[in-house]
Amino acid sequence: MGVLAQAFALVFDPYVLWVILASAAFGLFVGAVPGLTATMATALLVPVTFFMPPVPAIASIVTATAMAIFAGDIPSCLLRMPGTPASAAYTDEAYALTKKGEGELALGAGLVFSVIGGLFGTAVLIAAAPALAEVALKFSSFEYFWLVVLGLFSAVFLAHANPLKGIVSLLFGLLVSAIGLDNPAGFPRFTFGNAELAGGFTLIPIMIGMFAVSEIIRNIGSIDEPWEMAQTKIGNVFRGMWTLTKRYPMQALRGSVLGTAIGALPGAGADIAAWMSYAMSKRFSKEPEKFGTGHIEGIIEAGASNNSALAGAWIPALVFGIPGDSITAIVIGVLYIKGLNPGPTIFMNNAASIYAIFLVFILANLLMLPLGIAAIKCAKQMLRAPREVLMPVILLFCVVGSFAINNSIFGVVLMLAFGLVAYVMEENGFPVAPAILGMVLGAMLEENFISSMIKADGRIFAFFERPIAGSLGILALAVVSVPLLRRLYRAAR
Amino acid sequence: MRKLLLAALLFAASSALAQYPQRPIQLIVPWGAGGGTDATARIIGSLLEKELKQPVNVVNRTGGSGVVGHQAIASSAPDGYTLGLITVEITMMHHVGLTQLRHTDYTPIGLVNADPAGVNVRADSPYKSMKDLLQAIKSNPGKMKASGTGQGGIWHLAIAGLLKDQGIDPNALPWVPSNGAAPGLQDMVAGGVDVVPCSLPEARSMIDAGKVRALAIMDGSPPALYPNLPTLKQELGTNWQIAAWRVIAAPKGIPADAQRTLVTALKKVYDSKEYKDFMASRGFGVVWADPRETAKFMAASDANLGAALKAVGLAK
Amino acid sequence: MPGQKFGPAWFPGLIAIGLAICGALLVRAGLRERAPLFAMPQWMQRQRPRRAVAMVLAGLVAYILLADALGFHITGVLILAVWMRALGASWRVTALVAVVATVVIHFAFYRVLRVPLPWGVLERWAF
């Protein structure tokens with residue numbers, strides 16, 4: 001019997017299929033609740049997998065995480081609350097669409113292009129894992145530094161109205177990320193001797209506060225006016241998807257490619273992939289002025305990107321046992337327990353199991369279509385509740401979600417504080433998204449900068465000496481200087 | 001109504017008298033989901049659950065290089081319903097001035113694991129033995145770099161202490177802080193740093209993939225994972241040894257009967273086939289010590305690491 | 001910092017410089033447009049929204065202060081009730097939803113996801 005036939009037999013077993021379905025439902029739930037992440041879903045699955053054979057054990061994680069990353073789009077679209085950090089990049093865009101009465105389109109695009117991105121990432125994982133993993137291993141702190149710098153420039157594209165205010169928001173985010181002990185020097189910064197502050201500010205409660213709580217305050221502030229959300233109709237989410245695919249094939253492809261590549265890099269995962277893809281989409285769009293007003297293009301690209309990153313992260317994990325993101329960090333442990341030791345030999349020694357895992361990837365992504373629709377339908381029912389019931393219940397969910405990430409009441413404090421900060425920022429024209437980006441990238445930026453400076457004994461030129469680092473560096477400098485030069489040129493004429 | 005009240009009171013009284021444990025137990029892990037400490041806690045948690053017949057919930061309290069989680073364990077209610085997996089850092093952090101917490105702020109339940117430091121280089125590096133490596137560090141001070149934990153972390157101390165022990169200035173091998181062993185190893189393979197001292201299970205996949213070479217282990221005997229790997233004693237004749245360890249502990253002052261129950265249950269977990277198999281599959285070392293020995297063990301670790309931190313200039 | 005040339009002040013220092021520059025530019029732009037120093041949202045002037053927002057914020061503060069002592073369940077029901085009443089729900093709906101939502105969250109988070117929601121005064125009946 002061929003390896004592929006064995007793999008099919010391993011996957012299409014009633015028990016395995018049952019595990020996949022159950023994990024899918026679990027993943028959808030975790031992803032849709034703000035405060036619970038795909039990483040958390042994986043950690044919760046680990047004790048359960050102790051008692052399973054290898055293939056269902058891995059299948060449960062693959063399925064749950066794929067579903068969770070998509071499901072993060074649902075509350076993002078309906079309530080302006082990113083369910084997972086990977087949806088944060090295009091939360092405002094999706095919510096703007098919903099407000100325009102096109103929530104159906106946003107959710108459909110999120111679902112369909114998640115599936116496309118996921119399948120693309122899987123195809124790359126199957127076809128080119130060993131070769132790509134070799135490239136990913138060539139990234140040291142110099143390369144990462146430039147990558148993060150490129151990511152930060154996304155902030156400029158994220159600020160739709162006023163780039164200066166976008167930069168202030170970004171710097172604010174970076175400053176917040178500097179709080180605590182977890183910096184390269186291991187030195188307590190801005191902690192005032194407080195243990196909670198020493199731990200630093202966790203991203204998730206801040207994100208819930210900045211997006212969800214600020215929106216709830218705004219909503220309740222307009223309690224005397226009729227509620228616009230009530231008019232949002234969600235019928236057939238697939239309507240118009242084919243037109244979109246024909247109109248934006250490049251966007252879907254670019255998002256999938258970039259997502260897979262970023263996922264394959266150790267240390268950068270689905271959330272960073274989504275930010276960079278969204279920015280890239282705007283940079284190359286024919287109608288960049290429409291971004292931020294409820295334009296589908298960016299959602300297609302970033303939605304494909306974050307799901308493809310999920311598969312990309314498995315590339316270094318399977319080939320070298322190096323985690324591509326926090327989910328695969330847990331997966332590697334499970335692989336060892338199940339005797340599927342990662343390494344280049346895994347494709348020879350455990351061929352049937354590996355192909356079975358690949359099959360699960362494909363199956364999970366296909367299963368996302370029907371289950372995703374079911375989840376969207378459920379979420380839609382929720383919106384029918386009157387505002388005076390819905391808002392309090394959502395707020396309590398936010399409270400519990402902020403608590404859950406670190407099991408600390410400090411999370412709720414952060415949520416409230418940053419909810420107020422975000423409300424004031426937005427009322428005064430400062431966009432919130434760049435601040436979140438700053439918090440996502442701040443620690444990476446500092447670590448890689450300081451590490452590189454120590455390695456290079458302080459020589460700035462070392463940042464350009466390695467081939468990949470040099471190319472990325474020149475690209476980064478070009479991204480900043482080209483628009484500037486163009487403006488100067490125009491001014492001179 | 002009165003009947004209901006009476007029933008509730010009776011229920012309350014009976015549950016107060018009943019035997020420990022009566023409700024779910026929390027097991028706090030000061031490090032993130034996915035790491036070795038988390039994995040160890042999760043297997044112990046799921047096995048303890050069977051022994052104690054109550055859910056044991058593993059809770060990650062991360063941040064501040066372990067300070068937050070260790071603080072959370074020490075300052076939780078000493079009722080036996082909050083436990084923690086404390087790690088070697090508890091005997092290091094207070095020397096560096098990061099916290100007031102010490103190992104004496106906990107009730108030890110048992111030592112469950114210890115992983116000695118290994119010394120790893122790139123597979124294509126010219127250094128084939130510890131002697132080669134130390135010679136190169138000595139003759140070109142400051143040129144080579146090492147990584148694998150944050151500044152002043154356990155693996156930083158492991159290599160700095162060894163250099164000091166060998167009469168080489170620890171600053172001859174500058175430390176590049178990293179977010180753990182995995183990013184450090186990745187950076188070494190990418191050509192960013194030259195040496196990563198870390199435990200063997202952490203380096204294992206890279207060693208097996210032929211990307212990393214282990215040179216020696218800072219332990220009394222060769223590791224089970226790689227029986228041919230020499231010890232420092234064999235290579236250099238030194239007694240320098242260092243290991244990262246993990247102890248199940250409770251806050252100070254838990255009831256004596258709760259401690260007894262927990263120690264018995266934990267010993268059973270430790271002796272179980274599931275635990276041994278799990279630890280062996282991950283390549284983690286297993287060691288057992290009862291509460292009294294664990295306390296002594298931690299005191300010794302505290303004294304040794306404190307002296308080492310001072311010697312290499314990391315402690316204030 | 002011993003053995004470390006690039007200390008912890010580098011990064012915040014760079015951010016501070018950036019903020020100072022952007023701040024100066026913004027002040028210049030603001031002065032030129034004669035914008036008001038601080039924009040007040042409209043609802044602040046009306047009583048009902050003002051009261052509702054105040055209740056939401058007060059409820060969150062109350063949760064932060066009381067959750068550990070009273071436990072999640074009691075605090076959850078209480079603040080849900082306060083919020084729903086403040087937004088104008090009827091007593092019947094309020095009572096029903098507050099209890100049901102708290103129970104659902106208990107099962108979803110405490111049971112399934114094993115989030116250690118505090119029991120507070122209900123500790124001895126924890127299950």
# chains A, B, ... in the order shown; residues from 1 in each chain; ligands from 1
>>> interface_residues(of="chain A", to="chain C", cutoff="7 Å", atoms="only C-alpha atoms", output="mmCIF file with C-alpha atoms, in the first residue's frame")
data_model
loop_
_atom_site.group_PDB
_atom_site.id
_atom_site.type_symbol
_atom_site.label_atom_id
_atom_site.label_comp_id
_atom_site.auth_asym_id
_atom_site.auth_seq_id
_atom_site.Cartn_x
_atom_site.Cartn_y
_atom_site.Cartn_z
ATOM 1 C CA LEU A 164 1.362 62.585 11.674
ATOM 2 C CA VAL A 168 2.146 59.615 17.302
ATOM 3 C CA LEU A 171 5.094 55.843 19.105
ATOM 4 C CA LEU A 175 6.324 53.263 24.482
ATOM 5 C CA ALA A 178 8.759 49.280 26.704
ATOM 6 C CA ALA A 185 18.771 44.282 29.605
ATOM 7 C CA PHE A 187 16.002 45.858 33.701
ATOM 8 C CA ILE A 217 -18.672 53.734 25.147
ATOM 9 C CA ILE A 220 -23.863 53.952 24.676
ATOM 10 C CA GLY A 221 -23.072 57.628 24.304
ATOM 11 C CA SER A 222 -25.468 57.658 21.356
ATOM 12 C CA ILE A 223 -28.189 55.785 23.196
ATOM 13 C CA GLU A 388 -29.680 47.312 26.251
ATOM 14 C CA VAL A 389 -29.188 43.549 26.617
ATOM 15 C CA PRO A 392 -23.878 44.641 28.883
ATOM 16 C CA VAL A 393 -23.421 40.969 27.992
ATOM 17 C CA ALA A 404 -8.482 34.970 31.064
ATOM 18 C CA ASN A 407 -5.751 35.062 34.896
ATOM 19 C CA ILE A 409 -7.561 41.203 37.441
ATOM 20 C CA VAL A 412 -9.388 44.138 33.405
ATOM 21 C CA VAL A 413 -7.644 47.270 34.687
ATOM 22 C CA ASN A 428 -9.458 63.692 18.605
ATOM 23 C CA GLU A 446 14.152 46.624 20.518
ATOM 24 C CA ILE A 450 20.059 45.728 20.715
#
>>> interface_residues(of="chain B", to="chain C", cutoff="7 Å", atoms="only C-alpha atoms", output="PDB file with C-alpha atoms, in the first residue's frame")
ATOM      1  CA  ARG B  23     -12.483  21.759  45.074  1.00  0.00           C
ATOM      2  CA  PRO B  24     -10.375  22.409  41.981  1.00  0.00           C
ATOM      3  CA  ASN B  57      -6.005  23.673  36.292  1.00  0.00           C
ATOM      4  CA  ASN B 171      33.458  39.604  29.393  1.00  0.00           C
ATOM      5  CA  PRO B 174      29.782  39.027  25.391  1.00  0.00           C
ATOM      6  CA  GLY B 313      29.697  40.652  38.134  1.00  0.00           C
ATOM      7  CA  LEU B 314      25.979  40.186  37.474  1.00  0.00           C
TER       8      LEU B 314
END
>>> interface_residues(of="chain B", to="chain A", cutoff="8 Å", atoms="only C-alpha atoms", output="ChimeraX atom specification")
/B:33-35,39,42-43,46,59-65,67-68,71,98,145,150-152,174,176-178,182-183,186-193,205-206,208-209,278,281-282
>>> select_by_dssp(residues="region 331-442 of chain A", states="alpha helix (DSSP H)", output="ChimeraX atom specification")
/A:331-337,346-349,351-383,387-406,410-427,433-442
